[in-house]
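Here the structure is laid out as structure tokens; the discussion comes afterwards.
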Amino acid sequence: MTNHIVLFEPLIPANTGNIARTCAATDTVLDLIEPLGFKTDDKHLKRAGLDYWASVKIRYHKNLDAFLETVPDKNYLFLISKFAEKVYTDQDFSAPDHDYYLMFGKETTGLPEPFQRANRERNLRIPMTDKVRSLNLSNCAALVIYEVLRQQHFAGLELTHTYEHDKLK
């Protein structure tokens with residue numbers, strides 16, 4: 001089972017860099033659907049991802065259709081949207097032997113409305129008040145991928161991790 005965070009036409013390099021770092025920490029594939037709002041050599045992108053870029057599995061897709069051709073089972077593609085009725089924590093992500101794809105829209109306009117309507121049964125939302133239009137993209141990606149991993153009992157991740165310099169003497 002492989003998990004994927006999918007970014008549809010991301011605009012802000014720091015968000016993508018932060019998400020890449022989360023992908024490195026969780027052994028999650030990062031799928032980027034073009035066009036991107038930045039160059040991948042952007043200093044803000046590199047800075048946000050720190051020195052973890054070598055640990056990130058990144059796949060680039062020319063457009064939404066090209067990405068969809070790579071998804072073997074669309075039943076495991078979930079669209080994260082504030083317009084969804086179902087809350088992300090109510091979705092079962094524990095089925096073995098399936099790749100899960102968590103798709104997030106661009107920071108300004110989200111996912112294409114016709115695409116969301118066509119996939120209404122796979123739209124999930126993160127609850128929030130009406131005081132803001134949206135949450136930060138990198139925060140949303142982290143929230144949802146860690147719920148997926150929690151349901152998968154954090155398979156493949158170390159639950160305890162210490163560095164030699166962090167140990168108490």
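Identifiers in the structure tokens: chain A, B, ... in order shown; residue index from 1 per chain; ligand index from 1 in order shown.
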
Would you mind listing what lies within 12 Å of Phe154 in chain A as a PyMOL selection string, with only C-alpha atoms counted and same-chain residues fewer than 3 positions away left out? chain A and resi 1+3+25-28+93-94+145-151+157-160

Would you kindly return, as a list in words, each protein, DNA or RNA residue with an atom no farther than 6 Å from any atom of range 121-131 of chain A, considering only C-alpha atoms and excluding same-chain residues fewer than 2 positions away? Phe78, Leu79, Ile80, Ser81, Lys82, Ala84, Lys86, Val87, Tyr88 and Asn119 of chain A

Could you list, as a list in words, every residue within 10 Å of range 36-40 of chain A, counting only C-alpha atoms and ignoring same-chain residues fewer than 5 positions away? Leu7, Phe8, Glu9, Pro10, Leu11, Ile12, Pro13, Thr16, Gly17, Leu45, Lys46, Tyr60, Lys62 and Lys106 of chain A

If you count only C-alpha atoms, which residues fall within 8 Å of His98 in chain A, apart from same-chain ones fewer than 3 positions away, as a VMD selection string? chain A and resid 1 to 2 76 95

With N, CA, C and O atoms retained, could you export that selection as a compact mmCIF listing (two decimals), in the first residue's frame?
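out.txt was written with the following content:
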# COMPACT_ATOMS: atom_id res chain seq x y z
N MET A 1 0.85 -1.17 0.00
CA MET A 1 0.00 0.00 0.00
C MET A 1 0.90 1.24 0.00
O MET A 1 1.86 1.33 0.75
N THR A 2 0.57 2.17 -0.89
CA THR A 2 1.32 3.42 -0.99
C THR A 2 0.34 4.58 -0.87
O THR A 2 -0.73 4.56 -1.48
N TYR A 76 -10.12 4.93 -4.77
CA TYR A 76 -9.20 5.27 -3.69
C TYR A 76 -8.57 6.64 -3.90
O TYR A 76 -7.55 6.96 -3.30
N ALA A 95 -8.11 -0.17 4.11
CA ALA A 95 -8.12 -1.33 3.20
C ALA A 95 -6.69 -1.69 2.79
O ALA A 95 -5.95 -0.84 2.29

Taking only range 50-160 of chain A into account, list the residues labelled helix (DSSP H, G or I) by DSSP (computed from the backbone), as a ChimeraX atom specification. /A:50-55,64-68,74-76,88-90,113-118,120-122,137-151

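Relative to CA of Pro112 in chain A, CA of Trp53 in chain A is found at 28.8 Å.
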
Select, from A:Tyr101, A:Val56, A:Gly156, A:Ile33, the residue with the minimum atom-to-atom distance to Ile19 in chain A, counting only C-alpha atoms. A:Val56

Report the distance between CA of Ala54 in chain A and CA of Ala141 in chain A in Å, rounded to one decimal place. 19.9 Å

List every residue of range 12-142 of chain A that DSSP, applied to the backbone, labels as strand (DSSP E or B), and write the result as a list in words.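 Matching residues for strand (DSSP E or B) in range 12-142 of chain A are Val29, Leu30, Asp31, Leu32, Ile33, Lys57, Ile58, Arg59, Tyr60, His61, Leu77, Phe78, Leu79, Ile80, Lys86, Val87, Tyr100, Tyr101, Leu102, Met103, Phe104, Lys106, Gly110, Asn123, Leu124 and Arg125 of chain A.
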
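Coordinates place CA of Ala20 in chain A at a distance of 10.3 Å from CA of Ala142 in chain A.
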
Neighbour list for Val6 in chain A as a PDB file with N, CA and C atoms, in the first residue's frame, cut-off 9 Å, only C-alpha atoms, skip fewer than 3 positions in-chain:
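Output (selection.pdb):
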ATOM      1  N   VAL A  29       4.185   9.471  -1.428  1.00  0.00           N
ATOM      2  CA  VAL A  29       4.528   9.993  -2.750  1.00  0.00           C
ATOM      3  C   VAL A  29       3.876  11.359  -2.921  1.00  0.00           C
ATOM      4  N   LEU A  30       4.607  12.291  -3.522  1.00  0.00           N
ATOM      5  CA  LEU A  30       4.070  13.615  -3.828  1.00  0.00           C
ATOM      6  C   LEU A  30       3.829  13.693  -5.332  1.00  0.00           C
ATOM      7  N   ASP A  31       2.554  13.829  -5.709  1.00  0.00           N
ATOM      8  CA  ASP A  31       2.175  13.982  -7.109  1.00  0.00           C
ATOM      9  C   ASP A  31       1.862  15.451  -7.356  1.00  0.00           C
ATOM     10  N   LEU A  32       2.546  16.057  -8.323  1.00  0.00           N
ATOM     11  CA  LEU A  32       2.333  17.464  -8.659  1.00  0.00           C
ATOM     12  C   LEU A  32       1.711  17.558 -10.049  1.00  0.00           C
ATOM     13  N   ILE A  33       0.528  18.154 -10.117  1.00  0.00           N
ATOM     14  CA  ILE A  33      -0.167  18.330 -11.385  1.00  0.00           C
ATOM     15  C   ILE A  33       0.116  19.729 -11.899  1.00  0.00           C
ATOM     16  N   TYR A 101      -4.930   8.039  -2.701  1.00  0.00           N
ATOM     17  CA  TYR A 101      -4.560   9.313  -3.311  1.00  0.00           C
ATOM     18  C   TYR A 101      -5.401  10.408  -2.662  1.00  0.00           C
ATOM     19  N   LEU A 102      -4.732  11.388  -2.060  1.00  0.00           N
ATOM     20  CA  LEU A 102      -5.403  12.509  -1.393  1.00  0.00           C
ATOM     21  C   LEU A 102      -5.120  13.755  -2.224  1.00  0.00           C
ATOM     22  N   MET A 103      -6.139  14.270  -2.896  1.00  0.00           N
ATOM     23  CA  MET A 103      -5.941  15.380  -3.816  1.00  0.00           C
ATOM     24  C   MET A 103      -6.401  16.689  -3.202  1.00  0.00           C
ATOM     25  N   PHE A 104      -5.518  17.686  -3.298  1.00  0.00           N
ATOM     26  CA  PHE A 104      -5.771  19.024  -2.787  1.00  0.00           C
ATOM     27  C   PHE A 104      -5.705  20.007  -3.945  1.00  0.00           C
ATOM     28  N   GLY A 105      -6.582  21.006  -3.927  1.00  0.00           N
ATOM     29  CA  GLY A 105      -6.620  21.990  -4.990  1.00  0.00           C
ATOM     30  C   GLY A 105      -5.644  23.124  -4.785  1.00  0.00           C
TER      31      GLY A 105
END

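Here the question is which of A:Ala118, A:Val132, A:Val71, A:Leu143 gets nearest to Thr22 in chain A using only C-alpha atoms, and that residue is A:Leu143.
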
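Proximity to Lys57 in chain A was assessed for A:Ala155, A:Cys23, A:Glu85, A:Glu34 counting only C-alpha atoms; the smallest distance is recorded for A:Cys23.
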